[in-house]
Structures are given as C-alpha cells and as structure tokens.
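Data block for input_29.cif (mmCIF, C-alpha atoms):
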data_work
#
loop_
_atom_site.label_atom_id
_atom_site.label_comp_id
_atom_site.auth_asym_id
_atom_site.auth_seq_id
_atom_site.Cartn_x
_atom_site.Cartn_y
_atom_site.Cartn_z
CA MET Y 289 13.42 12.06 -15.26
CA SER Y 290 9.73 11.84 -15.98
CA ASP Y 291 7.27 13.83 -18.00
CA LEU Y 292 3.50 14.12 -17.92
CA ARG Y 293 1.31 14.40 -20.97
CA PHE Y 294 -2.45 14.73 -20.95
CA GLU Y 295 -4.32 12.27 -23.16
CA GLU Y 296 -7.27 14.29 -24.33
CA LEU Y 297 -9.46 11.48 -25.65
CA ARG Y 298 -9.51 9.66 -22.32
CA GLY Y 299 -9.04 12.75 -20.22
CA GLU Y 300 -6.14 11.29 -18.25
CA GLN Y 301 -2.49 11.87 -17.55
CA VAL Y 302 0.23 9.60 -18.96
CA ALA Y 303 3.62 9.56 -17.20
CA TYR Y 304 6.79 9.01 -19.20
CA ALA Y 305 9.72 7.74 -17.13
CA ILE Y 306 12.13 6.52 -19.75
CA ASP Y 307 14.95 5.81 -17.26
CA ARG Y 308 12.86 2.93 -15.97
CA GLN Y 309 13.82 0.93 -19.07
CA GLU Y 310 17.20 0.46 -17.38
CA ARG Y 311 15.90 -0.73 -14.01
CA THR Y 312 17.10 -3.94 -12.43
CA PHE Y 313 15.16 -6.89 -13.84
CA LEU Y 314 14.76 -10.13 -11.89
CA PRO Y 315 18.35 -10.35 -10.59
CA PRO Y 316 19.58 -13.57 -8.94
CA ALA Y 317 19.22 -13.59 -5.15
CA GLU Y 318 22.93 -12.86 -4.61
CA HIS Y 319 22.53 -9.57 -6.48
CA CYS Y 320 19.23 -8.50 -4.95
CA PRO Y 321 19.30 -4.72 -4.39
CA LEU Y 322 16.70 -4.94 -1.60
CA CYS Y 323 18.71 -7.27 0.64
CA PRO Y 324 20.82 -5.76 3.42
CA THR Y 325 24.46 -4.98 2.67
CA ARG Y 326 26.34 -7.81 4.28
CA PRO Y 327 29.86 -7.15 5.66
CA GLY Y 328 32.27 -7.55 2.77
CA GLY Y 329 29.39 -8.09 0.40
CA GLU Y 330 28.07 -6.25 -2.60
CA PRO Y 331 26.52 -2.86 -1.70
CA THR Y 332 22.76 -2.82 -2.00
CA GLU Y 333 20.12 -0.12 -1.74
CA ILE Y 334 20.21 -0.51 2.05
CA PRO Y 335 23.74 -0.02 3.44
CA PHE Y 336 23.09 -1.80 6.72
CA ALA Y 337 23.72 -5.39 7.76
CA SER Y 338 20.15 -5.84 8.95
CA PHE Y 339 16.90 -3.92 9.18
CA GLU Y 340 13.23 -4.40 9.89
CA ILE Y 341 11.35 -2.17 7.42
CA ALA Y 342 13.12 0.19 5.01
CA VAL Y 343 11.73 2.93 2.77
CA PHE Y 344 13.81 4.71 0.17
CA ASP Y 345 13.41 6.89 -2.88
CA ASN Y 346 13.00 4.77 -5.99
CA ARG Y 347 16.15 4.82 -8.10
CA PHE Y 348 13.97 4.79 -11.20
CA PRO Y 349 11.09 7.05 -10.20
CA ALA Y 350 7.95 7.54 -12.21
CA PHE Y 351 7.39 10.65 -10.07
CA ALA Y 352 9.89 12.83 -8.23
CA ALA Y 353 9.98 16.22 -6.51
CA PRO Y 354 8.83 18.83 -7.30
CA ARG Y 355 6.11 16.78 -8.98
CA GLY Y 356 5.41 13.91 -6.62
CA ALA Y 357 7.49 11.03 -5.32
CA ALA Y 358 8.12 7.32 -5.79
CA GLU Y 359 9.29 5.20 -2.89
CA VAL Y 360 10.12 1.54 -2.30
CA VAL Y 361 8.94 -0.12 0.92
CA VAL Y 362 10.96 -3.21 1.87
CA TYR Y 363 9.02 -5.39 4.29
CA THR Y 364 11.91 -7.43 5.68
CA ASP Y 365 15.63 -8.02 5.26
CA SER Y 366 14.90 -11.63 4.34
CA HIS Y 367 15.04 -12.24 0.60
CA THR Y 368 12.42 -14.95 0.67
CA GLY Y 369 8.83 -14.92 1.83
CA SER Y 370 6.05 -12.46 1.21
CA PHE Y 371 3.64 -10.12 2.94
CA GLY Y 372 1.62 -13.19 3.87
CA THR Y 373 4.51 -14.94 5.58
CA LEU Y 374 5.63 -11.97 7.67
CA PRO Y 375 5.22 -12.38 11.44
CA ALA Y 376 1.99 -10.71 12.54
CA GLU Y 377 3.90 -8.03 14.46
CA ARG Y 378 5.86 -7.06 11.35
CA ALA Y 379 2.71 -6.83 9.25
CA ARG Y 380 1.15 -4.63 11.93
CA ALA Y 381 4.25 -2.44 12.00
CA LEU Y 382 3.95 -2.08 8.24
CA MET Y 383 0.54 -0.46 8.69
CA TRP Y 384 2.24 2.23 10.79
CA VAL Y 385 4.90 2.69 8.12
CA TRP Y 386 2.17 3.19 5.51
CA ARG Y 387 0.48 5.63 7.85
CA HIS Y 388 3.71 7.56 8.31
CA ARG Y 389 4.40 7.80 4.61
CA TYR Y 390 0.81 8.81 3.82
CA ALA Y 391 1.03 11.61 6.39
CA GLU Y 392 4.46 12.85 5.38
CA LEU Y 393 4.07 12.63 1.62
CA GLY Y 394 0.50 13.88 1.76
CA ALA Y 395 1.64 17.00 3.59
CA ARG Y 396 3.72 18.06 0.59
CA GLU Y 397 2.39 20.82 -1.61
CA ASP Y 398 3.29 18.89 -4.75
CA VAL Y 399 1.35 15.77 -3.76
CA ALA Y 400 -2.37 15.33 -4.38
CA TYR Y 401 -2.74 11.59 -3.89
CA VAL Y 402 -0.65 9.02 -1.99
CA PHE Y 403 -0.98 5.56 -3.47
CA ILE Y 404 0.45 2.55 -1.62
CA PHE Y 405 0.57 -0.65 -3.64
CA GLU Y 406 2.26 -3.97 -4.20
CA ASN Y 407 2.84 -5.83 -7.43
CA ARG Y 408 3.40 -9.50 -6.71
CA GLY Y 409 4.46 -12.08 -9.25
CA VAL Y 410 5.96 -11.91 -12.70
CA GLU Y 411 2.45 -12.02 -14.16
CA VAL Y 412 1.93 -8.42 -13.04
CA GLY Y 413 5.40 -7.28 -14.01
CA VAL Y 414 7.33 -7.56 -10.76
CA THR Y 415 11.04 -7.03 -11.32
CA LEU Y 416 12.36 -7.92 -7.84
CA HIS Y 417 11.23 -10.92 -5.80
CA HIS Y 418 12.36 -9.59 -2.41
CA PRO Y 419 9.18 -8.85 -0.36
CA HIS Y 420 8.38 -5.22 -0.99
CA GLY Y 421 5.77 -2.71 -2.03
CA GLN Y 422 5.82 0.76 -3.49
CA ILE Y 423 4.36 4.20 -2.95
CA TYR Y 424 3.56 6.68 -5.69
CA ALA Y 425 2.77 10.21 -4.57
CA TYR Y 426 0.94 11.69 -7.53
CA PRO Y 427 0.97 15.42 -8.24
CA PHE Y 428 -2.63 15.04 -9.48
CA LEU Y 429 -5.68 12.99 -8.56
CA PRO Y 430 -5.49 9.79 -10.66
CA PRO Y 431 -8.55 8.45 -12.51
CA VAL Y 432 -9.45 5.51 -10.26
CA PRO Y 433 -9.68 7.48 -7.00
CA ALA Y 434 -11.50 10.17 -8.95
CA LEU Y 435 -14.04 7.55 -10.05
CA GLU Y 436 -14.49 6.50 -6.43
CA LEU Y 437 -15.25 10.07 -5.44
CA ALA Y 438 -17.71 10.24 -8.33
CA ALA Y 439 -19.37 7.10 -6.91
CA ASP Y 440 -19.77 8.93 -3.60
CA ALA Y 441 -21.60 11.68 -5.41
CA ARG Y 442 -23.71 9.21 -7.41
CA LEU Y 443 -24.76 7.24 -4.33
CA GLY Y 444 -25.31 10.33 -2.22
CA GLY Y 445 -22.74 9.48 0.45
CA CYS Y 446 -19.74 7.29 1.08
CA ALA Y 447 -19.84 4.61 -1.64
CA PRO Y 448 -17.59 2.09 0.16
CA CYS Y 449 -19.83 2.40 3.26
CA ALA Y 450 -22.92 1.69 1.13
CA LEU Y 451 -21.31 -1.19 -0.72
CA LEU Y 452 -20.01 -2.72 2.49
CA ALA Y 453 -23.51 -2.61 3.97
CA ARG Y 454 -24.86 -4.37 0.88
CA GLU Y 455 -22.19 -7.06 1.02
CA LEU Y 456 -22.87 -7.68 4.69
CA ARG Y 457 -26.61 -7.93 3.98
CA ASP Y 458 -26.05 -10.40 1.14
CA GLY Y 459 -23.26 -12.24 2.91
CA GLU Y 460 -22.64 -14.54 -0.01
CA ARG Y 461 -19.47 -12.87 -1.16
CA VAL Y 462 -17.89 -12.16 2.23
CA VAL Y 463 -14.75 -14.25 2.61
CA TYR Y 464 -13.30 -12.99 5.90
CA GLU Y 465 -14.22 -10.60 8.66
CA ASN Y 466 -12.94 -9.50 12.03
CA ASP Y 467 -14.14 -6.83 14.45
CA GLU Y 468 -12.85 -3.94 12.35
CA VAL Y 469 -12.46 -5.16 8.78
CA VAL Y 470 -14.50 -7.07 6.18
CA VAL Y 471 -13.10 -8.81 3.09
CA TYR Y 472 -15.37 -9.65 0.18
CA VAL Y 473 -15.39 -10.41 -3.52
CA PRO Y 474 -17.35 -7.44 -4.82
CA TYR Y 475 -20.76 -7.87 -6.44
CA ALA Y 476 -19.39 -6.69 -9.77
CA ALA Y 477 -15.83 -8.03 -9.49
CA ARG Y 478 -13.86 -7.51 -12.66
CA TRP Y 479 -11.14 -10.06 -11.86
CA ALA Y 480 -12.06 -13.67 -11.03
CA TYR Y 481 -10.66 -13.50 -7.51
CA GLU Y 482 -10.79 -9.76 -6.93
CA ALA Y 483 -11.23 -8.90 -3.26
CA HIS Y 484 -11.85 -5.69 -1.35
CA VAL Y 485 -10.63 -5.27 2.22
CA VAL Y 486 -12.80 -2.59 3.80
CA MET Y 487 -12.77 -0.88 7.18
CA ARG Y 488 -16.13 -1.32 8.92
CA ALA Y 489 -16.01 2.21 10.31
CA HIS Y 490 -15.80 5.19 8.02
CA ARG Y 491 -12.10 5.98 8.07
CA PRO Y 492 -10.89 8.19 5.23
CA SER Y 493 -7.26 7.23 5.65
CA LEU Y 494 -4.74 5.35 7.76
CA PRO Y 495 -4.07 8.34 10.06
CA THR Y 496 -7.73 8.37 11.11
CA CYS Y 497 -7.64 4.74 12.26
CA GLU Y 498 -7.40 3.65 15.85
CA PRO Y 499 -4.32 1.53 16.60
CA GLY Y 500 -6.50 -1.55 17.03
CA GLU Y 501 -7.99 -0.97 13.59
CA LEU Y 502 -4.53 -0.94 12.06
CA ASP Y 503 -3.79 -4.27 13.71
CA ALA Y 504 -7.07 -5.69 12.42
CA LEU Y 505 -6.31 -4.41 8.92
CA ALA Y 506 -2.94 -6.15 8.94
CA ASP Y 507 -4.56 -9.37 10.15
CA ALA Y 508 -7.22 -9.21 7.42
CA LEU Y 509 -4.68 -8.52 4.68
CA GLN Y 510 -2.48 -11.38 5.78
CA SER Y 511 -5.44 -13.75 6.00
CA LEU Y 512 -6.49 -12.88 2.46
CA VAL Y 513 -3.00 -13.23 1.02
CA ARG Y 514 -2.51 -16.56 2.74
CA GLY Y 515 -5.85 -17.65 1.33
CA TYR Y 516 -4.71 -16.64 -2.14
CA ASP Y 517 -1.55 -18.69 -1.72
CA ALA Y 518 -3.63 -21.69 -0.63
CA LEU Y 519 -6.18 -21.30 -3.42
CA PHE Y 520 -4.30 -23.00 -6.26
CA GLU Y 521 -1.20 -24.28 -4.44
CA LEU Y 522 0.90 -22.96 -7.29
CA GLY Y 523 4.25 -23.62 -5.67
CA ARG Y 524 5.12 -20.00 -6.43
CA PRO Y 525 3.68 -16.70 -5.27
CA PHE Y 526 0.03 -16.19 -6.15
CA PRO Y 527 0.19 -13.06 -8.28
CA TYR Y 528 -1.79 -9.97 -7.51
CA VAL Y 529 -1.84 -6.21 -7.54
CA MET Y 530 -2.67 -4.76 -4.13
CA ALA Y 531 -3.98 -1.18 -4.14
CA VAL Y 532 -4.53 0.87 -0.98
CA HIS Y 533 -7.20 3.49 -1.59
CA GLN Y 534 -7.44 6.45 0.79
CA ALA Y 535 -8.62 10.02 0.79
CA PRO Y 536 -6.78 12.39 -1.53
CA THR Y 537 -4.38 14.66 0.31
CA ASP Y 538 -5.25 17.79 -1.61
CA GLY Y 539 -8.01 18.59 0.86
CA ARG Y 540 -10.77 18.51 -1.73
CA ALA Y 541 -12.69 15.43 -0.74
CA GLN Y 542 -13.08 12.49 1.59
CA GLY Y 543 -12.62 8.81 0.94
CA HIS Y 544 -12.91 5.48 2.73
CA LEU Y 545 -9.79 3.46 3.45
CA HIS Y 546 -9.95 0.12 1.67
CA VAL Y 547 -7.52 -2.19 -0.07
CA GLU Y 548 -8.32 -3.75 -3.42
CA PHE Y 549 -6.66 -6.90 -4.79
CA TYR Y 550 -6.58 -7.68 -8.50
CA PRO Y 551 -5.26 -11.21 -9.10
CA PRO Y 552 -4.71 -11.87 -12.82
CA LEU Y 553 -5.28 -15.65 -12.58
CA ARG Y 554 -8.71 -17.04 -13.44
CA THR Y 555 -7.56 -20.64 -12.92
CA ALA Y 556 -4.28 -22.15 -11.75
CA GLU Y 557 -3.04 -22.18 -15.33
CA LYS Y 558 -4.94 -19.39 -17.05
CA LEU Y 559 -4.41 -15.67 -16.96
CA LYS Y 560 -7.05 -13.05 -17.52
CA TYR Y 561 -5.76 -10.79 -20.26
CA LEU Y 562 -6.98 -7.29 -20.80
CA ALA Y 563 -7.92 -7.57 -24.44
CA GLY Y 564 -10.25 -5.89 -26.91
CA SER Y 565 -13.29 -5.27 -24.78
CA GLU Y 566 -11.34 -4.35 -21.66
CA GLN Y 567 -8.78 -2.09 -23.34
CA GLY Y 568 -10.71 -0.80 -26.30
CA ALA Y 569 -14.13 -0.38 -24.77
CA GLY Y 570 -13.41 -0.36 -21.05
CA THR Y 571 -15.78 -3.25 -20.28
CA PHE Y 572 -14.54 -6.30 -18.43
CA ILE Y 573 -15.77 -9.70 -19.61
CA SER Y 574 -15.52 -12.23 -16.77
CA ASP Y 575 -15.62 -16.03 -17.02
CA THR Y 576 -16.54 -16.54 -13.37
CA LEU Y 577 -19.29 -15.48 -11.01
CA PRO Y 578 -18.16 -13.56 -7.92
CA GLU Y 579 -20.30 -15.79 -5.69
CA ASP Y 580 -18.49 -18.93 -6.92
CA SER Y 581 -15.06 -17.32 -6.53
CA ALA Y 582 -15.97 -16.12 -3.05
CA ALA Y 583 -16.93 -19.64 -1.96
CA GLN Y 584 -13.57 -20.97 -3.13
CA LEU Y 585 -11.62 -18.14 -1.60
CA ARG Y 586 -13.48 -18.40 1.71
CA ARG Y 587 -12.56 -22.08 1.98
CA ALA Y 588 -8.94 -21.33 1.06
CA ILE Y 589 -8.69 -18.68 3.77
CA VAL Y 590 -10.09 -21.05 6.38
CA ASP Y 591 -7.61 -23.71 5.28
CA ALA Y 592 -4.73 -21.23 5.36
CA ILE Y 593 -5.58 -19.89 8.80
CA MET M 143 -3.09 21.74 -1.23
CA THR M 144 -3.78 21.18 2.41
CA GLY M 145 -2.07 17.82 2.89
CA ALA M 146 -2.67 15.20 5.56
CA PRO M 147 -4.06 16.10 8.97
CA ASP M 148 -1.53 18.05 11.03
CA ARG M 149 -2.08 15.94 14.10
CA ASP M 150 -0.59 12.87 12.42
CA ARG M 151 2.17 14.63 10.58
CA PRO M 152 5.47 13.06 11.67
CA ALA M 153 6.84 15.35 14.36
CA SER M 154 10.39 15.54 13.06
CA SER M 155 9.70 15.52 9.37
CA SER M 156 12.67 16.76 7.38
CA CYS M 157 10.62 16.85 4.20
CA GLY M 158 11.95 19.52 1.94
CA ALA M 159 14.81 20.39 4.26
CA PRO M 160 18.45 19.92 3.24
CA ARG M 161 19.99 16.84 4.75
CA GLU M 162 23.56 15.76 5.26
CA ARG M 163 24.84 12.63 3.67
CA GLY M 164 26.39 9.63 5.33
CA GLY M 165 24.27 9.01 8.38
CA PRO M 166 21.21 9.82 10.42
CA VAL M 167 20.27 13.48 10.11
CA GLU M 168 18.33 13.77 13.33
CA PRO M 169 17.97 11.89 16.57
CA ALA M 170 15.71 8.88 16.20
CA GLU M 171 12.07 9.87 15.77
CA ARG M 172 9.14 7.99 17.19
CA PHE M 173 5.90 7.28 15.44
CA GLY M 174 3.39 5.09 17.26
CA PRO M 175 5.14 1.80 17.98
CA LEU M 176 8.02 2.59 15.62
CA ALA M 177 11.42 4.17 15.97
CA ILE M 178 12.57 5.92 12.83
CA SER M 179 16.04 6.77 11.60
CA ARG M 180 16.61 8.86 8.50
CA HIS M 181 19.61 8.57 6.24
CA VAL M 182 20.77 9.92 2.92
CA LYS M 183 22.28 7.52 0.44
CA ASP M 184 25.49 8.33 -1.40
CA ASP M 185 23.55 9.45 -4.45
CA GLY M 186 21.39 11.79 -2.39
CA ARG M 187 18.29 9.65 -2.17
CA ALA M 188 16.48 9.37 1.15
CA LEU M 189 16.44 6.15 3.15
CA ILE M 190 14.27 5.68 6.24
CA LEU M 191 14.58 2.71 8.57
CA PHE M 192 11.60 1.76 10.73
CA THR M 193 12.14 -0.42 13.78
CA ARG M 194 9.53 -1.66 16.18
CA ARG M 195 10.34 -0.15 19.57
CA ARG M 196 11.19 -2.46 22.42
CA GLU M 197 8.63 -2.62 25.20
CA ASP M 198 10.92 -0.75 27.60
CA ASP M 199 11.08 2.09 25.06
CA GLU M 200 7.33 2.44 24.87
CA GLU M 201 6.59 4.00 28.24
CA ASP M 202 5.50 7.24 26.60
CA ARG M 203 3.61 5.62 23.76
CA GLY M 204 0.28 6.04 25.50
CA ASP M 205 0.41 9.82 25.44
CA GLY M 206 1.21 9.96 21.75
CA GLU M 207 -1.60 7.60 20.90
CA ALA M 208 -4.01 9.50 23.07
CA ASP M 209 -3.20 12.63 21.10
CA ARG M 210 -3.72 10.85 17.81
CA ASN M 211 -6.94 9.26 18.97
CA GLN M 212 -8.25 12.60 20.10
CA GLY M 213 -7.44 14.02 16.71
CA ALA M 214 -9.04 11.10 14.92
CA ALA M 215 -12.19 11.43 16.97
CA ALA M 216 -12.33 15.14 16.26
CA GLU M 217 -11.94 14.46 12.55
CA ARG M 218 -14.72 11.89 12.56
CA ARG M 219 -17.02 14.31 14.33
CA SER M 220 -16.38 17.01 11.78
#
Rewrite the structure from the file as structure tokens, please.
Amino acid sequence: MSDLRFEELRGEQVAYAIDRQERTFLPPAEHCPLCPTRPGGEPTEIPFASFEIAVFDNRFPAFAAPRGAAEVVVYTDSHTGSFGTLPAERARALMWVWRHRYAELGAREDVAYVFIFENRGVEVGVTLHHPHGQIYAYPFLPPVPALELAADARLGGCAPCALLARELRDGERVVYENDEVVVYVPYAARWAYEAHVVMRAHRPSLPTCEPGELDALADALQSLVRGYDALFELGRPFPYVMAVHQAPTDGRAQGHLHVEFYPPLRTAEKLKYLAGSEQGAGTFISDTLPEDSAAQLRRAIVDAI
Amino acid sequence: MTGAPDRDRPASSSCGAPRERGGPVEPAERFGPLAISRHVKDDGRALILFTRRREDDEEDRGDGEADRNQGAAAERRS
C-alpha cells in the first residue's frame, strides 16, 4: 500500500510505500526470487522452469492501480551476468519488451509517465543481483521529465535534439556512436562518468522507433555498459542507475527518447555522495571534467568491444 | 489522459480486464519479434513471459511492422 503526499516547499510528490521495508534483501543465489522455479525446487516469482524475459507486478510496489504501477523486468533466467553480458539478440528483444510495456501501461487512464530504469550495484541500493530492471508507471508527471519539458520550452524546441547537435559539433565528449544512436558524457555532467544515450532522429518514445533503431539502441546501451565494466576492472558490477526518458503518456507534451546513466563512482575506490550542496542547495559539485571522463570512457568502450 | 499511440497498443491487451488464475488467459499474443504469454500468479499479480519468436513463426511479421512503421511515420509528420 502506498500513499502520496505533496511536499509544498519543493513542489514535488513524495511516495510512501512502507511495505517495501519488508522486501527481500540480497538473498543468497539459491533463494533468488527472480530465478526460474526449478522442478522440485523452491517456488520463485516465476513459476516456470525456464524463460527468456519475464515481467511481473512488483510484490512491494511503490505504485499500484488505480494510481500507477510498478513492474519488475527480468532479463534472463540466468542468475549471473548483467545487461552488458546478454547476447545481442536478447538485448534487442528487451527493447521490444520495454516498448510493449510503455505502450500498455501508458494507455492506462491512471498513468501519466512510464519510467523504465535499472539500479545496478549495491552502491545504488540494489537488493537483488539477478539481472533485472524495473518500471514505474507514475500517476503524475515526475519532476525530472517535467524539467526536460521545461528545457524544451527554454530552448525553443526539442532540447535533446539541440544538445545532441552541440555534442556532435564539439565531438570531445562523444564516446560511442552508430548509425542511429550517439552516446556522450554531457557538457554539464553531474556525475563523473554520467553518459546520455540519445537517438539521432527525433523519436519521442520507443513505439515511434523503427525496428532498426531499436536494435541500434540495444547495441549502444550494451557497448556503454561493457565500457563501464572495463573502466575500472572492479571485479564486480560497475554500479549505475540507468534511466529511460520518453514522452509522457498523458498526451500533454512531446519528448525525445534517450537513456541517462548515473554511475556513483568517481574513481575505482571513491563514491560520489550527494551531500550538503547537492541535497541542500541542489547544486552538484564535481571533481572531474566531462572531457577527461569521456576520454577514459571512450577508450574503455573500445577495449570492451 | 490519452495514453500511448493506439497503433502500437498491444493488440490483445487485457489491461483492466478480469483474468483467471493458474495459466495463460489468452492465446499467445505477438508483438514485433516477440511472442507473449500472460499469466496470473497465485496471489493475483500479473506475470508476462516474452519469448523471441522462431524464424518459422515470423512469416507474418512484415505486415505488423509495416503497420507500425506507417503509424510512426504519420506521427513524425504530425
């Protein structure tokens, strides 16, 4: 059960989902709820002996009908690995799964914004290591997508289109590109190795992409994640938050499909903490220049590919 | 709220409709290169399994994609 309260000083919603305190926390592999249910074995969330990609309602939802939804997207029935280690065909299939869920959840009257994301690594609070992502279908437009729409208004057109053009002109922060997708460390990156994965063409959402664009998006995402894993050679998953930004589904405005990555590491050993300036004043203080990070990340991607 | 474009709305969506428990509710759906089977878990939560269709199942895929592409092109023009 969840509740929404409006925080007047910041002008934003806060969701209370107190049942989530009881959710499964870093279980051993033999008790993983996202693994398939093996014959004679412990029942899991997925009562089948094998599967490719599974989506189910979150047992501990932050949002649920009639005020939104929360789903879990399991990338594979293999307990180990990550989005980056999936076969290319599986990663491409995942783009279609995202597209399906965006379309179906976005069609609901109680959903204003469909947010696909992945938390990877204990540093960003992951509670299950099995390769998976999540979808929150918000009953309101959250602040970050609202800010992006405000940027459209400020720049007098599609902001991601304008920013992509600038990054391609500069070139210094571009770390990967294919025919349909460009990946760059943004000019004003907040996180040391923040990266934005942007469709070259103006596509508001996954359903407006051509099939070849979906394939190219999967390839770009996997290249970036593999580059992250090669960057510090941590011997464990490189942590990040992956956020898929698309058009709101309330019909009020457009958007531009892009995927943002927020890795919390600023070196192999040091985390970036959101402290006084970031939390209290809303201003990020960064120890690294985006151009330097981009050079490192570009090399890591080449090495990983 | 208007929701996502109709042209890409999953054809057999059971969203909001009552569903039986204990197995697939409807015949397998198709969505692009995927086959979809819907289930309801014992506690009533939805579970959807997505499987990449075998090549010999994809004979009709071209028509579906053509429809989607036409819709996408129309949306970009608008």
The PyMOL selection byres ((chain Y and resi 557) around 12) on the file shown: which residues, as a VMD selection string?
chain Y and resid 411 520 to 522 526 to 527 552 to 556 558 to 560
Which is closer to Val410 of chain Y than all the others in Y:Leu314, Y:Pro448, Y:Leu519, Y:His490, using all atoms listed in the file?
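Of Y:Leu314, Y:Pro448, Y:Leu519, Y:His490, the one nearest Val410 of chain Y is Y:Leu314, counting all atoms listed in the file.
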What would the selection look like, as a ChimeraX atom specification, if the PyMOL selection byres ((chain Y) within 8 of (chain M)) were run on the coordinates I just shared?
/Y:334,339-345,347,381,384-385,388,390-392,394-400,491,495-499,537-539
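In this model, the gap between atom CA of Arg293 of chain Y and atom CA of Phe313 of chain Y comes to 26.4 Å.
Restricting the calculation to all atoms listed in the file, the smallest distance between Asp458 of chain Y and any of Y:Ile593, Y:Val473, Y:Cys446, Y:Ala425 is found for Y:Val473.
Reported to one decimal place, the separation of atom CA of Ile589 of chain Y from atom CA of Tyr516 of chain Y is 7.4 Å.
Atom CA of Leu545 of chain Y is found 13.1 Å from atom CA of Leu509 of chain Y.
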Since I can't run it myself right now, could you work out what the PyMOL selection byres ((chain Y and resi 588) around 12) selects here and report it as a PyMOL selection string?
chain Y and resi 463-464+481+511-521+581-587+589-593
